[in-house]
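Next comes target_11.cif, a file with mmCIF, C-alpha atoms and all ligand atoms.
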data_start
#
loop_
_atom_site.label_atom_id
_atom_site.label_comp_id
_atom_site.auth_asym_id
_atom_site.auth_seq_id
_atom_site.Cartn_x
_atom_site.Cartn_y
_atom_site.Cartn_z
CA MET T 1 49.59 -54.13 52.21
CA ALA T 2 51.08 -51.19 54.13
CA THR T 3 54.26 -49.75 52.65
CA GLU T 4 57.21 -48.14 54.44
CA LEU T 5 56.68 -44.40 54.71
CA LEU T 6 59.25 -43.12 57.20
CA ALA T 7 62.40 -45.12 57.87
CA LEU T 8 65.42 -44.69 60.10
CA ASP T 9 68.38 -46.83 59.09
CA LYS T 10 71.39 -47.16 61.41
CA VAL T 11 70.99 -43.60 62.71
CA ASN T 12 73.75 -42.35 65.01
CA ALA T 13 73.29 -39.01 66.75
CA PHE T 14 75.41 -37.04 69.19
CA TYR T 15 74.99 -34.11 71.56
CA GLY T 16 78.51 -32.73 71.30
CA ASP T 17 80.79 -35.64 72.16
CA SER T 18 78.00 -37.59 73.78
CA HIS T 19 76.90 -40.48 71.54
CA VAL T 20 73.15 -40.79 72.19
CA LEU T 21 71.65 -42.86 69.33
CA HIS T 22 73.47 -46.03 68.31
CA ASP T 23 72.54 -47.57 64.93
CA VAL T 24 68.85 -46.88 65.47
CA SER T 25 66.63 -48.46 62.81
CA PHE T 26 62.84 -48.63 62.70
CA SER T 27 60.15 -47.77 60.21
CA LEU T 28 56.62 -46.47 60.07
CA ARG T 29 54.34 -48.07 57.51
CA SER T 30 51.72 -46.07 55.69
CA GLY T 31 48.40 -45.88 57.51
CA ARG T 32 49.84 -47.17 60.80
CA LEU T 33 50.62 -45.80 64.24
CA LEU T 34 54.05 -46.66 65.61
CA ALA T 35 54.61 -46.20 69.35
CA LEU T 36 58.18 -45.29 70.28
CA LEU T 37 58.70 -46.47 73.84
CA GLY T 38 61.43 -46.50 76.45
CA ARG T 39 62.17 -45.13 79.89
CA ASN T 40 63.30 -41.54 80.61
CA GLY T 41 66.48 -40.73 78.76
CA ALA T 42 66.21 -43.74 76.41
CA GLY T 43 66.55 -41.48 73.36
CA LYS T 44 62.96 -41.11 72.15
CA SER T 45 62.98 -37.32 71.84
CA THR T 46 66.44 -37.51 70.30
CA CYS T 47 64.98 -39.76 67.56
CA ILE T 48 62.34 -37.12 66.93
CA ASN T 49 65.06 -34.42 66.81
CA ALA T 50 67.04 -36.53 64.33
CA ILE T 51 64.00 -37.00 62.08
CA VAL T 52 62.95 -33.33 62.02
CA GLY T 53 66.49 -32.02 61.51
CA PHE T 54 67.03 -30.35 64.90
CA LEU T 55 69.87 -32.81 65.53
CA PRO T 56 71.05 -34.12 62.14
CA PRO T 57 72.40 -37.68 62.38
CA ARG T 58 76.17 -38.02 62.04
CA ALA T 59 75.69 -41.39 60.35
CA GLY T 60 72.77 -43.36 58.97
CA SER T 61 69.74 -42.29 57.00
CA VAL T 62 66.22 -40.97 57.52
CA THR T 63 63.90 -41.37 54.54
CA LEU T 64 60.35 -40.25 53.86
CA ALA T 65 58.69 -42.17 51.01
CA GLY T 66 62.20 -43.03 49.80
CA LYS T 67 63.50 -39.44 49.90
CA ALA T 68 66.59 -38.88 52.08
CA LEU T 69 66.02 -36.24 54.76
CA GLN T 70 69.13 -36.49 56.89
CA LYS T 71 70.93 -33.62 55.15
CA CYS T 72 67.87 -31.34 54.90
CA THR T 73 67.08 -28.36 57.10
CA PRO T 74 64.15 -28.52 59.56
CA GLU T 75 62.16 -26.25 57.24
CA GLN T 76 62.75 -28.51 54.22
CA ILE T 77 61.85 -31.57 56.30
CA CYS T 78 58.62 -29.93 57.43
CA ARG T 79 57.79 -29.02 53.83
CA SER T 80 58.54 -32.59 52.73
CA GLY T 81 55.67 -33.70 54.94
CA VAL T 82 56.94 -34.38 58.45
CA GLY T 83 54.67 -32.70 60.99
CA LEU T 84 55.62 -32.29 64.65
CA VAL T 85 53.52 -32.05 67.79
CA PRO T 86 56.31 -31.09 70.19
CA GLN T 87 56.78 -32.14 73.78
CA GLY T 88 55.27 -29.48 76.03
CA ARG T 89 52.81 -28.44 73.27
CA ARG T 90 54.52 -25.14 72.36
CA ILE T 91 51.37 -23.27 71.52
CA PHE T 92 51.27 -19.46 71.61
CA PRO T 93 49.36 -18.66 74.83
CA SER T 94 48.68 -15.01 73.95
CA LEU T 95 47.21 -15.78 70.51
CA THR T 96 43.68 -17.05 70.03
CA VAL T 97 42.97 -20.66 69.10
CA ARG T 98 42.21 -19.60 65.55
CA GLU T 99 45.40 -17.53 65.26
CA ASN T 100 47.46 -20.44 66.58
CA LEU T 101 46.13 -22.57 63.75
CA GLU T 102 46.54 -19.86 61.13
CA VAL T 103 50.20 -19.17 61.92
CA ALA T 104 50.97 -22.88 61.70
CA ALA T 105 49.51 -23.23 58.20
CA GLY T 106 52.00 -24.59 55.67
CA ARG T 107 52.31 -23.76 52.00
CA ASN T 108 50.09 -25.61 49.58
CA PRO T 109 51.31 -29.19 49.49
CA PRO T 110 52.35 -30.79 46.19
CA PRO T 111 49.63 -32.56 44.17
CA GLY T 112 48.51 -35.80 45.73
CA ARG T 113 49.10 -34.67 49.31
CA ARG T 114 46.26 -33.67 51.57
CA ARG T 115 45.87 -29.99 52.44
CA TRP T 116 44.54 -29.51 55.96
CA THR T 117 42.29 -26.53 56.66
CA ARG T 118 41.02 -24.94 59.85
CA GLU T 119 37.63 -26.42 59.01
CA ASP T 120 39.17 -29.93 59.01
CA ILE T 121 40.71 -29.29 62.43
CA ASN T 122 37.43 -27.89 63.76
CA GLN T 123 35.67 -31.01 62.56
CA ILE T 124 38.07 -33.32 64.41
CA PHE T 125 38.09 -31.10 67.50
CA PRO T 126 34.68 -29.39 67.85
CA ARG T 127 35.83 -27.97 71.18
CA LEU T 128 38.50 -25.92 69.41
CA LYS T 129 35.84 -24.50 67.13
CA GLU T 130 33.75 -23.48 70.14
CA ARG T 131 36.79 -21.79 71.64
CA GLN T 132 38.30 -20.34 68.46
CA HIS T 133 38.26 -16.75 69.73
CA GLN T 134 39.62 -17.63 73.17
CA LEU T 135 43.29 -17.09 74.05
CA ALA T 136 45.13 -20.40 73.82
CA GLY T 137 46.65 -19.86 77.27
CA SER T 138 43.18 -20.00 78.81
CA LEU T 139 42.43 -23.52 77.47
CA SER T 140 42.57 -26.61 79.67
CA GLY T 141 45.59 -28.90 79.33
CA GLY T 142 43.65 -31.36 77.18
CA GLU T 143 42.38 -28.60 74.89
CA GLN T 144 45.90 -27.20 74.55
CA GLN T 145 47.05 -30.66 73.48
CA MET T 146 44.30 -30.78 70.85
CA LEU T 147 45.43 -27.37 69.61
CA ALA T 148 49.03 -28.58 69.42
CA ILE T 149 47.87 -31.56 67.33
CA GLY T 150 45.83 -29.20 65.14
CA ARG T 151 48.90 -27.02 64.61
CA GLY T 152 50.91 -30.08 63.55
CA LEU T 153 48.22 -31.03 61.03
CA MET T 154 48.06 -27.50 59.60
CA THR T 155 51.59 -28.02 58.17
CA ASN T 156 50.00 -30.58 55.76
CA PRO T 157 52.12 -33.53 56.86
CA GLN T 158 52.32 -37.06 55.46
CA VAL T 159 53.55 -38.25 58.84
CA LEU T 160 52.78 -36.77 62.24
CA LEU T 161 55.34 -37.10 65.04
CA MET T 162 53.87 -36.68 68.51
CA ASP T 163 56.14 -36.31 71.52
CA GLU T 164 54.40 -37.40 74.72
CA PRO T 165 50.91 -35.94 74.17
CA SER T 166 49.66 -37.38 77.47
CA GLU T 167 52.36 -35.71 79.58
CA GLY T 168 50.96 -33.81 82.54
CA LEU T 169 47.32 -34.64 81.80
CA ALA T 170 44.80 -36.15 84.24
CA PRO T 171 43.82 -39.80 83.57
CA GLN T 172 40.41 -38.85 82.24
CA ILE T 173 41.97 -36.42 79.74
CA VAL T 174 44.55 -39.04 78.75
CA ARG T 175 41.61 -41.28 77.81
CA GLU T 176 40.26 -38.44 75.70
CA VAL T 177 43.63 -38.04 73.98
CA GLY T 178 43.47 -41.80 73.31
CA ASN T 179 40.10 -41.40 71.60
CA VAL T 180 41.48 -38.52 69.53
CA LEU T 181 44.44 -40.67 68.45
CA GLU T 182 42.12 -43.55 67.50
CA ALA T 183 40.22 -41.19 65.21
CA LEU T 184 43.31 -39.44 63.89
CA LYS T 185 45.14 -42.60 62.87
CA ARG T 186 42.46 -43.23 60.26
CA GLU T 187 43.54 -39.97 58.60
CA ILE T 188 47.33 -39.92 58.92
CA SER T 189 50.37 -42.11 59.71
CA ILE T 190 51.72 -41.38 63.20
CA VAL T 191 54.85 -41.88 65.30
CA LEU T 192 53.82 -41.56 68.94
CA VAL T 193 56.41 -41.12 71.70
CA GLU T 194 54.75 -42.23 74.93
CA GLN T 195 55.58 -43.01 78.54
CA ASN T 196 52.00 -44.05 79.19
CA LEU T 197 52.03 -47.72 78.23
CA GLY T 198 48.25 -48.12 78.56
CA LEU T 199 47.64 -45.36 76.05
CA ALA T 200 50.32 -46.63 73.69
CA MET T 201 48.91 -50.18 73.74
CA LYS T 202 45.42 -48.88 73.06
CA VAL T 203 46.33 -47.05 69.87
CA ALA T 204 49.55 -48.58 68.46
CA ASP T 205 49.78 -50.92 65.50
CA ASP T 206 53.55 -51.26 65.82
CA VAL T 207 56.13 -50.69 68.54
CA ALA T 208 59.80 -49.71 68.63
CA LEU T 209 61.42 -49.92 72.06
CA LEU T 210 64.61 -48.05 72.93
CA ASN T 211 67.05 -48.52 75.76
CA THR T 212 70.10 -46.23 76.14
CA GLY T 213 69.85 -45.15 72.52
CA ARG T 214 69.55 -48.65 71.04
CA VAL T 215 66.52 -50.41 69.59
CA VAL T 216 65.84 -53.46 71.76
CA PHE T 217 62.53 -54.44 70.11
CA SER T 218 60.77 -53.57 66.88
CA GLY T 219 57.62 -55.31 65.69
CA THR T 220 53.85 -55.30 65.84
CA ARG T 221 51.93 -54.40 68.98
CA ASP T 222 50.80 -58.03 69.32
CA GLU T 223 54.37 -59.31 69.08
CA PHE T 224 55.38 -56.75 71.69
CA GLN T 225 52.61 -57.82 74.04
CA GLU T 226 53.54 -61.49 73.66
CA ARG T 227 57.08 -60.62 74.85
CA GLN T 228 56.08 -57.93 77.34
CA ALA T 229 57.20 -59.81 80.45
CA GLU T 230 60.67 -60.21 78.98
CA LEU T 231 60.78 -56.57 77.73
CA GLN T 232 59.33 -55.02 80.89
CA GLY T 233 62.78 -54.08 82.22
CA HIS T 234 63.29 -51.70 79.29
CA LEU T 235 60.12 -49.76 80.05
CA GLY T 236 59.69 -46.90 82.48
CA VAL T 237 56.95 -47.06 85.07
CA ALA T 238 53.72 -46.10 83.35
N1 LIG T 301 70.49 -31.11 74.71
C1 LIG T 301 71.12 -32.17 75.21
N2 LIG T 301 72.44 -32.15 75.44
C2 LIG T 301 73.10 -33.22 75.94
N3 LIG T 301 72.51 -34.40 76.24
C3 LIG T 301 71.18 -34.49 76.02
C4 LIG T 301 70.41 -33.39 75.52
N4 LIG T 301 69.12 -33.80 75.41
C5 LIG T 301 69.09 -35.06 75.83
N5 LIG T 301 70.31 -35.50 76.20
C6 LIG T 301 70.67 -36.83 76.70
O1 LIG T 301 70.39 -37.74 75.65
C7 LIG T 301 69.83 -38.95 76.18
C8 LIG T 301 68.50 -39.22 75.50
O2 LIG T 301 67.57 -38.21 75.89
P1 LIG T 301 66.12 -38.08 75.27
O3 LIG T 301 65.57 -36.76 75.72
O4 LIG T 301 66.15 -38.38 73.83
O5 LIG T 301 65.36 -39.26 76.02
P2 LIG T 301 63.81 -39.58 76.06
O6 LIG T 301 63.70 -41.05 75.84
O7 LIG T 301 63.08 -38.69 75.14
O8 LIG T 301 63.45 -39.25 77.56
P3 LIG T 301 62.22 -38.43 78.19
O9 LIG T 301 61.12 -39.40 78.25
O10 LIG T 301 62.75 -38.06 79.53
O11 LIG T 301 61.93 -37.25 77.32
C9 LIG T 301 69.75 -38.77 77.69
O12 LIG T 301 70.88 -39.37 78.25
C10 LIG T 301 69.80 -37.27 77.86
O13 LIG T 301 70.38 -36.92 79.08
#

Could you quickly redo this structure as structure tokens?
Amino acid sequence: MATELLALDKVNAFYGDSHVLHDVSFSLRSGRLLALLGRNGAGKSTCINAIVGFLPPRAGSVTLAGKALQKCTPEQICRSGVGLVPQGRRIFPSLTVRENLEVAAGRNPPPGRRRWTREDINQIFPRLKERQHQLAGSLSGGEQQMLAIGRGLMTNPQVLLMDEPSEGLAPQIVREVGNVLEALKREISIVLVEQNLGLAMKVADDVALLNTGRVVFSGTRDEFQERQAELQGHLGVA
């Protein structure tokens, strides 16, 4: 039976005076992949920012394995085991693939938590191993995305947050990212922000759907698909 690993409970977040997240609650169970869906501007990235401490919630709680994170700094949250694969990848183009992974490496995790090594990343992404001495800026879009995922894993997370990994990639590469996610979800619990509904439905176990900063659906992928016609209006065009 999967247990709750990461949970948002009645999270409210603001950009200045602008109230963007309204009582947002959803949770990621251990060993699962939760797709966070919603059209442009629905608040998906803001949820990620609230979890990782870039935009601390003004009210509500974020917990990781029962530990409250909402008052922690981004560095403490990262060390607690929340890994981020940011929107736009944010790799260092003028460093090599290997250096990009090395600079992302976190401290040794506490006992009981997996420590990810470059060898682990190379095993999941053989193409990164082949290109380890190449400058990251010279990689294809799909390879850069793999490197961004590798960098997230190098922080030794318990949970990996991925913000739109398919953005800007050709359909064939999006399929490849889908295959990577299928393999990766056997190794780590994932929150996946996605605009590409096909990709999200392929890999998700659970779904949380946002509209204007409010959760309008939260449940399993199958429950979501049963109600998809009714929920369609909350989704962007995929
Ligand atoms: N730095 C900011 N300052 C002020 N408002 C912001 C800021 N970032 C986002 N917003 C607003 O917050 C709301 C939620 O944006 P958010 O980026 O979380 O949406 P999203 O679902 O991730 O959309 P997208 O798919 O376009 O990334 C939007 O109305 C957006 O205009």

Counting all atoms listed in the file, what residues are within 7 Å of ligand LIG 301 (chain T), given as number ranges by chain? T: 15, 18, 20, 38-47, 195, 213

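Going from atom CA of T:Ala59 over to atom CA of T:Thr212, you cover 17.4 Å.
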
re atom CA of T:Gly142 and atom CA of T:Leu181: distance 12.8 Å

Report as a count of residues only all protein, DNA and RNA residues lying within 6 Å of T:Ser189, evaluated on only C-alpha atoms, omitting residues in the same chain fewer than 3 positions from it. 5

Non-local contacts of T:Thr63 (6 Å; only C-alpha atoms; under 4 positions in same chain excluded) as a list in words: Leu6, Ala7, Lys67, Ala68 and Leu69 of chain T

Residue nearest T:Pro126 - candidates T:Glu143, T:Asp17, T:Asp205, T:Glu226, atoms counted: all atoms listed in the file: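 Looking at the shortest contact to T:Pro126, the residue is T:Glu143.
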
Work out how far atom CA of T:Gly168 is from atom CA of T:Cys78, in Å to one decimal.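 Atom CA of T:Gly168 lies 26.5 Å from atom CA of T:Cys78.
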
For T:Leu192, which of T:Leu135, T:Ile48, T:Val103, T:Leu235 is the closest residue, counting only C-alpha atoms?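 Distance minimum relative to T:Leu192 lands on T:Ile48.
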
Within 9 Å of (46.7, -38.3, 79.9) in the file's own coordinates, which protein, DNA or RNA residues have an atom, counting all atoms listed in the file? List them as a list of chain:residue names.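 The distance filter leaves exactly T:Gly142, T:Pro165, T:Ser166, T:Glu167, T:Gly168, T:Leu169, T:Ala170, T:Pro171, T:Gln172, T:Ile173, T:Val174, T:Arg175, T:Glu176, T:Val177, T:Gly178, T:Asn196, T:Leu199.
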
As a ChimeraX atom specification, please: the residues near T:Lys10 (cut-off 6 Å, all atoms listed in the file, same-chain neighbours under 4 positions excluded). /T:23-25,60

Restricting the calculation to all atoms listed in the file: of T:Asn108, T:Ile188, T:Leu55, T:Gly198, which residue gets closest to T:Pro74? T:Leu55

Could I see stretch 93-127 of chain T restored to N, CA and C atoms, set down as a PDB file, keeping the file's coordinate frame?
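Here's the written file rebuild-v2.pdb:
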ATOM      1  N   PRO T  93      50.434 -18.902  73.870  1.00  0.00           N
ATOM      2  CA  PRO T  93      49.360 -18.660  74.830  1.00  0.00           C
ATOM      3  C   PRO T  93      48.632 -17.332  74.626  1.00  0.00           C
ATOM      4  N   SER T  94      49.318 -16.328  74.065  1.00  0.00           N
ATOM      5  CA  SER T  94      48.680 -15.010  73.950  1.00  0.00           C
ATOM      6  C   SER T  94      48.020 -14.804  72.587  1.00  0.00           C
ATOM      7  N   LEU T  95      48.004 -15.843  71.745  1.00  0.00           N
ATOM      8  CA  LEU T  95      47.210 -15.780  70.510  1.00  0.00           C
ATOM      9  C   LEU T  95      45.934 -16.586  70.712  1.00  0.00           C
ATOM     10  N   THR T  96      44.917 -16.268  69.911  1.00  0.00           N
ATOM     11  CA  THR T  96      43.680 -17.050  70.030  1.00  0.00           C
ATOM     12  C   THR T  96      43.904 -18.438  69.417  1.00  0.00           C
ATOM     13  N   VAL T  97      42.923 -19.308  69.659  1.00  0.00           N
ATOM     14  CA  VAL T  97      42.970 -20.660  69.100  1.00  0.00           C
ATOM     15  C   VAL T  97      43.080 -20.570  67.577  1.00  0.00           C
ATOM     16  N   ARG T  98      42.227 -19.749  67.001  1.00  0.00           N
ATOM     17  CA  ARG T  98      42.210 -19.600  65.550  1.00  0.00           C
ATOM     18  C   ARG T  98      43.552 -19.086  65.018  1.00  0.00           C
ATOM     19  N   GLU T  99      44.102 -18.077  65.701  1.00  0.00           N
ATOM     20  CA  GLU T  99      45.400 -17.530  65.260  1.00  0.00           C
ATOM     21  C   GLU T  99      46.506 -18.575  65.374  1.00  0.00           C
ATOM     22  N   ASN T 100      46.464 -19.381  66.433  1.00  0.00           N
ATOM     23  CA  ASN T 100      47.460 -20.440  66.580  1.00  0.00           C
ATOM     24  C   ASN T 100      47.435 -21.386  65.385  1.00  0.00           C
ATOM     25  N   LEU T 101      46.234 -21.683  64.906  1.00  0.00           N
ATOM     26  CA  LEU T 101      46.130 -22.570  63.750  1.00  0.00           C
ATOM     27  C   LEU T 101      46.585 -21.864  62.482  1.00  0.00           C
ATOM     28  N   GLU T 102      46.192 -20.595  62.351  1.00  0.00           N
ATOM     29  CA  GLU T 102      46.540 -19.860  61.130  1.00  0.00           C
ATOM     30  C   GLU T 102      48.053 -19.696  60.967  1.00  0.00           C
ATOM     31  N   VAL T 103      48.750 -19.394  62.068  1.00  0.00           N
ATOM     32  CA  VAL T 103      50.200 -19.170  61.920  1.00  0.00           C
ATOM     33  C   VAL T 103      50.948 -20.472  61.654  1.00  0.00           C
ATOM     34  N   ALA T 104      50.299 -21.599  61.952  1.00  0.00           N
ATOM     35  CA  ALA T 104      50.970 -22.880  61.700  1.00  0.00           C
ATOM     36  C   ALA T 104      50.790 -23.347  60.265  1.00  0.00           C
ATOM     37  N   ALA T 105      49.875 -22.711  59.526  1.00  0.00           N
ATOM     38  CA  ALA T 105      49.510 -23.230  58.200  1.00  0.00           C
ATOM     39  C   ALA T 105      50.716 -23.270  57.267  1.00  0.00           C
ATOM     40  N   GLY T 106      50.899 -24.419  56.616  1.00  0.00           N
ATOM     41  CA  GLY T 106      52.000 -24.590  55.670  1.00  0.00           C
ATOM     42  C   GLY T 106      51.604 -24.086  54.293  1.00  0.00           C
ATOM     43  N   ARG T 107      52.614 -24.085  53.393  1.00  0.00           N
ATOM     44  CA  ARG T 107      52.310 -23.760  52.000  1.00  0.00           C
ATOM     45  C   ARG T 107      51.434 -24.849  51.418  1.00  0.00           C
ATOM     46  N   ASN T 108      50.867 -24.569  50.247  1.00  0.00           N
ATOM     47  CA  ASN T 108      50.090 -25.610  49.580  1.00  0.00           C
ATOM     48  C   ASN T 108      50.968 -26.828  49.341  1.00  0.00           C
ATOM     49  N   PRO T 109      50.493 -27.999  49.710  1.00  0.00           N
ATOM     50  CA  PRO T 109      51.310 -29.190  49.490  1.00  0.00           C
ATOM     51  C   PRO T 109      51.334 -29.558  48.006  1.00  0.00           C
ATOM     52  N   PRO T 110      52.314 -30.368  47.590  1.00  0.00           N
ATOM     53  CA  PRO T 110      52.350 -30.790  46.190  1.00  0.00           C
ATOM     54  C   PRO T 110      51.126 -31.644  45.854  1.00  0.00           C
ATOM     55  N   PRO T 111      50.793 -31.763  44.560  1.00  0.00           N
ATOM     56  CA  PRO T 111      49.630 -32.560  44.170  1.00  0.00           C
ATOM     57  C   PRO T 111      49.696 -33.958  44.766  1.00  0.00           C
ATOM     58  N   GLY T 112      48.549 -34.439  45.193  1.00  0.00           N
ATOM     59  CA  GLY T 112      48.510 -35.800  45.730  1.00  0.00           C
ATOM     60  C   GLY T 112      48.618 -35.844  47.240  1.00  0.00           C
ATOM     61  N   ARG T 113      49.011 -34.691  47.843  1.00  0.00           N
ATOM     62  CA  ARG T 113      49.100 -34.670  49.310  1.00  0.00           C
ATOM     63  C   ARG T 113      47.957 -33.860  49.879  1.00  0.00           C
ATOM     64  N   ARG T 114      47.413 -34.340  50.981  1.00  0.00           N
ATOM     65  CA  ARG T 114      46.260 -33.670  51.570  1.00  0.00           C
ATOM     66  C   ARG T 114      46.616 -32.280  52.108  1.00  0.00           C
ATOM     67  N   ARG T 115      45.731 -31.319  51.833  1.00  0.00           N
ATOM     68  CA  ARG T 115      45.870 -29.990  52.440  1.00  0.00           C
ATOM     69  C   ARG T 115      44.876 -29.907  53.585  1.00  0.00           C
ATOM     70  N   TRP T 116      45.388 -29.623  54.778  1.00  0.00           N
ATOM     71  CA  TRP T 116      44.540 -29.510  55.960  1.00  0.00           C
ATOM     72  C   TRP T 116      44.092 -28.075  56.135  1.00  0.00           C
ATOM     73  N   THR T 117      42.816 -27.881  56.447  1.00  0.00           N
ATOM     74  CA  THR T 117      42.290 -26.530  56.660  1.00  0.00           C
ATOM     75  C   THR T 117      41.826 -26.410  58.116  1.00  0.00           C
ATOM     76  N   ARG T 118      41.558 -25.156  58.504  1.00  0.00           N
ATOM     77  CA  ARG T 118      41.020 -24.940  59.850  1.00  0.00           C
ATOM     78  C   ARG T 118      39.701 -25.674  60.032  1.00  0.00           C
ATOM     79  N   GLU T 119      38.924 -25.729  58.945  1.00  0.00           N
ATOM     80  CA  GLU T 119      37.630 -26.420  59.010  1.00  0.00           C
ATOM     81  C   GLU T 119      37.839 -27.908  59.325  1.00  0.00           C
ATOM     82  N   ASP T 120      38.878 -28.507  58.718  1.00  0.00           N
ATOM     83  CA  ASP T 120      39.170 -29.930  59.010  1.00  0.00           C
ATOM     84  C   ASP T 120      39.483 -30.111  60.492  1.00  0.00           C
ATOM     85  N   ILE T 121      40.303 -29.187  61.021  1.00  0.00           N
ATOM     86  CA  ILE T 121      40.710 -29.290  62.430  1.00  0.00           C
ATOM     87  C   ILE T 121      39.481 -29.110  63.329  1.00  0.00           C
ATOM     88  N   ASN T 122      38.638 -28.142  62.964  1.00  0.00           N
ATOM     89  CA  ASN T 122      37.430 -27.890  63.760  1.00  0.00           C
ATOM     90  C   ASN T 122      36.494 -29.096  63.755  1.00  0.00           C
ATOM     91  N   GLN T 123      36.524 -29.831  62.641  1.00  0.00           N
ATOM     92  CA  GLN T 123      35.670 -31.010  62.560  1.00  0.00           C
ATOM     93  C   GLN T 123      36.182 -32.127  63.489  1.00  0.00           C
ATOM     94  N   ILE T 124      37.500 -32.286  63.522  1.00  0.00           N
ATOM     95  CA  ILE T 124      38.070 -33.320  64.410  1.00  0.00           C
ATOM     96  C   ILE T 124      37.935 -32.896  65.871  1.00  0.00           C
ATOM     97  N   PHE T 125      38.127 -31.603  66.119  1.00  0.00           N
ATOM     98  CA  PHE T 125      38.090 -31.100  67.500  1.00  0.00           C
ATOM     99  C   PHE T 125      37.019 -30.016  67.637  1.00  0.00           C
ATOM    100  N   PRO T 126      35.748 -30.394  67.757  1.00  0.00           N
ATOM    101  CA  PRO T 126      34.680 -29.390  67.850  1.00  0.00           C
ATOM    102  C   PRO T 126      34.918 -28.397  68.988  1.00  0.00           C
ATOM    103  N   ARG T 127      35.601 -28.868  70.042  1.00  0.00           N
ATOM    104  CA  ARG T 127      35.830 -27.970  71.180  1.00  0.00           C
ATOM    105  C   ARG T 127      36.741 -26.791  70.791  1.00  0.00           C
TER     106      ARG T 127
END
